[in-house]
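Here is the structure we will look at.
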Amino acid sequence: MNLEGKKGIEIAGFEIVDHVLARIGWILPLFTVTLSMLIHALSGDARALPFFISEADYPGLQRWVFTSGLTVSGILLCLIAYRFRYLFQSAEKTRQTRISFSSGVTTGVALIALAFANMYDALVLHCVVAITVFVGGFVWGYSTHLLFQTTETFGKQLRRIGLGMAAFGLVAMNAILIIYIGSHQKELSNGDSLVGLLDLIQTAINYAAPAEYLLFLGLVLTLAAFEPDLKAKNRIQSNE
């Protein structure tokens with residue numbers, strides 16, 4: 001395996017150029033989350049609608065999709081983060097490059113952990129790694145966004161939209177849950193299980209879950225927006 005190819009990575013003699021790696025990197029988690037949530041809803045296992053993304057990590061086919069897809073997605077994100085560090089190693093923005101690499105790898109590792117730490121069996125660990133994925137993903141997206149030239153591109157415009165969606169979703173989701181839980185502590189003390197607690201806060205989830213969807217889609221859009229810029233960068237390198 002060669003992670004420092006001129007245009008991308010090489011695995012078993014096959015070259016995956018950077019913009020294709022980025023394309024796989026955003027399509028796979030989007031497909032994984034969408035399919036696992038769809039299976040969870042249509043199988044009748046869904047506790048209520050809407051539900052949090054992680055509720056789809058439920059015993060059955062949806063868990064296999066969720067776990068395998070996010071595990072590979074985490075590995076891919078680590079590879080993408082490494083490729084950005086390699087591509088911008090000679091740039092003047094050493095601080096942004098360092099932050100981009102460290103936050104990207106941290107997010108990728110946390111995503112792998114999230115794939116196995118389901119909320120039903122390891123709630124505390126799940127919450128820690130989920131927050132790490134969301135916050136780390138935003139930091140990675142923003143710091144990597146700053147690595148590119150100031151020239152306005154379609155990719156940069158898309159990333160601004162994606163980062164804005166992610167920031168709004170992150171703040172809204174947490175604010176809704178904190179305010180609701182804080183004002184209903186007495187009622188919530190009656191929850192004797194995780195499912196029971198989720199049922200009790202479903203009124204908040206009706207708004208917090210869509211905010212989480214917006215956060216997730218914003219991060220996916222941010223990653224997808226790197227694809228056209230990487231494609232242009234490879235084109236320039238090929239002409240040099």
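Just remember, in the structure tokens the first chain shown is A, the second B, etc., residues are 1-based per chain, and ligands are 1-based in the order shown.
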
Mind running segment 72-185 of chain A against segment 30-38 of chain A at 12 Å and telling me each contacting residue's nearest atom pair with the distance in Å (one decimal), counting only C-alpha atoms, chain and number ascending, as CSV?
residue,atom,partner,partner_atom,distance
A:Val72,CA,A:Thr32,CA,10.1
A:Ser73,CA,A:Thr32,CA,9.0
A:Ala115,CA,A:Thr32,CA,10.9

Next item on the list: Would you mind listing what lies within 12 Å of Pro210 of chain A as number ranges by chain, with only C-alpha atoms counted and same-chain residues fewer than 4 positions away left out?
Entry: A: 49-53, 165-166, 168-170, 172-174, 176, 204-206, 214-217

Limited to C-alpha atoms, could you put the picked residues into a file as an mmCIF file, in the first residue's frame?
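File out35.cif, as written:
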data_model
loop_
_atom_site.group_PDB
_atom_site.id
_atom_site.type_symbol
_atom_site.label_atom_id
_atom_site.label_comp_id
_atom_site.auth_asym_id
_atom_site.auth_seq_id
_atom_site.Cartn_x
_atom_site.Cartn_y
_atom_site.Cartn_z
ATOM 1 C CA LEU A 49 -40.827 8.540 13.971
ATOM 2 C CA PRO A 50 -38.652 10.516 13.695
ATOM 3 C CA PHE A 51 -35.805 8.792 15.538
ATOM 4 C CA PHE A 52 -32.132 9.539 16.101
ATOM 5 C CA ILE A 53 -29.693 8.135 13.542
ATOM 6 C CA MET A 165 -25.903 23.371 7.937
ATOM 7 C CA ALA A 166 -23.689 21.354 10.261
ATOM 8 C CA PHE A 168 -26.903 25.017 12.859
ATOM 9 C CA GLY A 169 -27.842 21.358 13.271
ATOM 10 C CA LEU A 170 -25.270 20.795 16.021
ATOM 11 C CA ALA A 172 -30.089 23.215 17.497
ATOM 12 C CA MET A 173 -29.965 19.522 18.403
ATOM 13 C CA ASN A 174 -28.086 20.073 21.649
ATOM 14 C CA ILE A 176 -33.399 21.367 22.140
ATOM 15 C CA ALA A 204 -37.976 16.939 21.940
ATOM 16 C CA ILE A 205 -36.765 14.252 19.529
ATOM 17 C CA ASN A 206 -39.426 15.387 17.033
ATOM 18 C CA LEU A 214 -29.262 18.395 9.039
ATOM 19 C CA LEU A 215 -25.962 18.138 10.942
ATOM 20 C CA PHE A 216 -25.131 14.823 9.287
ATOM 21 C CA LEU A 217 -26.059 16.032 5.798
#

Excluding same-chain residues fewer than 4 positions from Leu21 of chain A, what lies within 9 Å of it counting only C-alpha atoms, as a short mmCIF file (atom, residue, chain, number, x, y, z; two decimals) with N, CA, C and O atoms, in the first residue's frame?
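part.cif was written with the following content:
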data_model
loop_
_atom_site.label_atom_id
_atom_site.label_comp_id
_atom_site.auth_asym_id
_atom_site.auth_seq_id
_atom_site.Cartn_x
_atom_site.Cartn_y
_atom_site.Cartn_z
N GLY A 8 -2.93 9.96 -5.79
CA GLY A 8 -3.81 9.32 -4.82
C GLY A 8 -3.11 8.18 -4.13
O GLY A 8 -1.87 8.14 -4.06
N ILE A 9 -3.87 7.22 -3.62
CA ILE A 9 -3.29 6.08 -2.93
C ILE A 9 -3.26 4.87 -3.86
O ILE A 9 -4.02 4.79 -4.83
N ILE A 16 -6.24 4.74 -6.56
CA ILE A 16 -7.49 5.48 -6.30
C ILE A 16 -7.11 6.94 -6.18
O ILE A 16 -6.50 7.35 -5.19
N VAL A 17 -7.46 7.72 -7.18
CA VAL A 17 -7.09 9.13 -7.18
C VAL A 17 -7.86 9.87 -6.09
O VAL A 17 -8.92 9.42 -5.63
N GLY A 25 -15.71 8.49 0.03
CA GLY A 25 -15.75 8.91 1.42
C GLY A 25 -17.06 9.54 1.84
O GLY A 25 -17.45 9.42 3.01
N TRP A 26 -17.75 10.23 0.91
CA TRP A 26 -19.04 10.83 1.30
C TRP A 26 -20.24 9.97 0.89
O TRP A 26 -21.27 9.98 1.56
N LEU A 76 -11.74 5.22 5.75
CA LEU A 76 -11.60 6.11 4.59
C LEU A 76 -11.30 7.55 5.02
O LEU A 76 -10.48 8.22 4.40
N LEU A 79 -7.73 7.93 5.85
CA LEU A 79 -6.92 7.97 4.63
C LEU A 79 -7.03 9.33 3.94
O LEU A 79 -6.03 9.89 3.47
N ILE A 80 -8.24 9.88 3.90
CA ILE A 80 -8.45 11.19 3.27
C ILE A 80 -7.71 12.26 4.05
O ILE A 80 -7.09 13.16 3.46
N GLU A 227 -14.45 17.16 -3.43
CA GLU A 227 -14.23 16.38 -4.65
C GLU A 227 -13.89 17.24 -5.86
O GLU A 227 -12.89 16.98 -6.54
#

Next item on the list: Name all residues at most 10 Å from Ala113 of chain A (count only C-alpha atoms; drop same-chain ones fewer than 5 positions away) and give them as a VMD selection string.
Entry: chain A and resid 67 70 to 71 74 107 to 108 118 125 to 126 128 to 130 133

Next item on the list: Pick out the closest residue to Leu158 of chain A from this set: A:Gly196, A:Pro59, A:Pro228, A:Gly136. Count only C-alpha atoms.
Entry: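 Nearest to Leu158 of chain A: A:Pro228.
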
Next item on the list: Go through A:Val220, A:Ile39, A:Ala211, A:Ala175 and flag the residue nearest Trp64 of chain A, using only C-alpha atoms for the distances.
Entry: A:Ile39

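For the set A:Asp192, A:Val135, A:Ala225, A:Glu212, the residue with the smallest atom-to-atom gap to Gln157 of chain A is A:Ala225, counting only C-alpha atoms.
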
Next item on the list: Within segment 6-240 of chain A, find each residue whose DSSP state, derived from the backbone, is alpha helix (DSSP H), and express the selection as a VMD selection string.
Entry: chain A and resid 18 to 42 61 to 87 94 to 116 123 to 145 154 to 183 185 to 188 194 to 200 202 to 224 226 to 239

Cut-off 6 Å: closest segment 132-209 of chain A/segment 98-103 of chain A atom pairs per residue, using only C-alpha atoms, as JSON lines:
{"residue": "A:Gly136", "atom": "CA", "partner": "A:Ser103", "partner_atom": "CA", "distance": 5.6}
{"residue": "A:Trp140", "atom": "CA", "partner": "A:Ser100", "partner_atom": "CA", "distance": 5.1}
{"residue": "A:Ser143", "atom": "CA", "partner": "A:Ser100", "partner_atom": "CA", "distance": 5.3}
{"residue": "A:Thr144", "atom": "CA", "partner": "A:Ser100", "partner_atom": "CA", "distance": 5.3}

Item checked: Interatomic distance, atom CA of Leu163 of chain A to atom CA of Leu147 of chain A (Å, one decimal) ->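 The value is 15.0 Å.
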
Check: So how many Å separate atom CA of Val109 of chain A and atom CA of Ala81 of chain A, to one decimal?
Finding: 11.5 Å

Check: Taking into account only C-alpha atoms, which residue in the set A:Ala56, A:Leu87, A:Ala110, A:Leu61 is nearest to Asn234 of chain A?
Finding: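 Looking at the shortest contact to Asn234 of chain A, the residue is A:Leu87.
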
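Between atom CA of Glu55 of chain A and atom CA of Gly69 of chain A lies a distance of 15.3 Å.
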
Notebook entry, point to check: Which neighbours of Ile181 of chain A fall inside 12 Å, counting only C-alpha atoms, when residues of the same chain fewer than 6 positions from it are skipped, and could you give them as a list in words?
Noted result: Asn174, Ala175, Glu187, Leu188, Ser189, Leu197, Leu198, Leu200, Ile201, Gln202, Thr203, Ala204, Ile205 and Ala208 of chain A

Item checked: Selected residue of minimal separation from Ile112 of chain A among A:Phe66, A:Ile178, A:Ala22, A:Ala12, counting only C-alpha atoms ->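 Between A:Phe66, A:Ile178, A:Ala22, A:Ala12, the residue approaching Ile112 of chain A most closely is A:Phe66.
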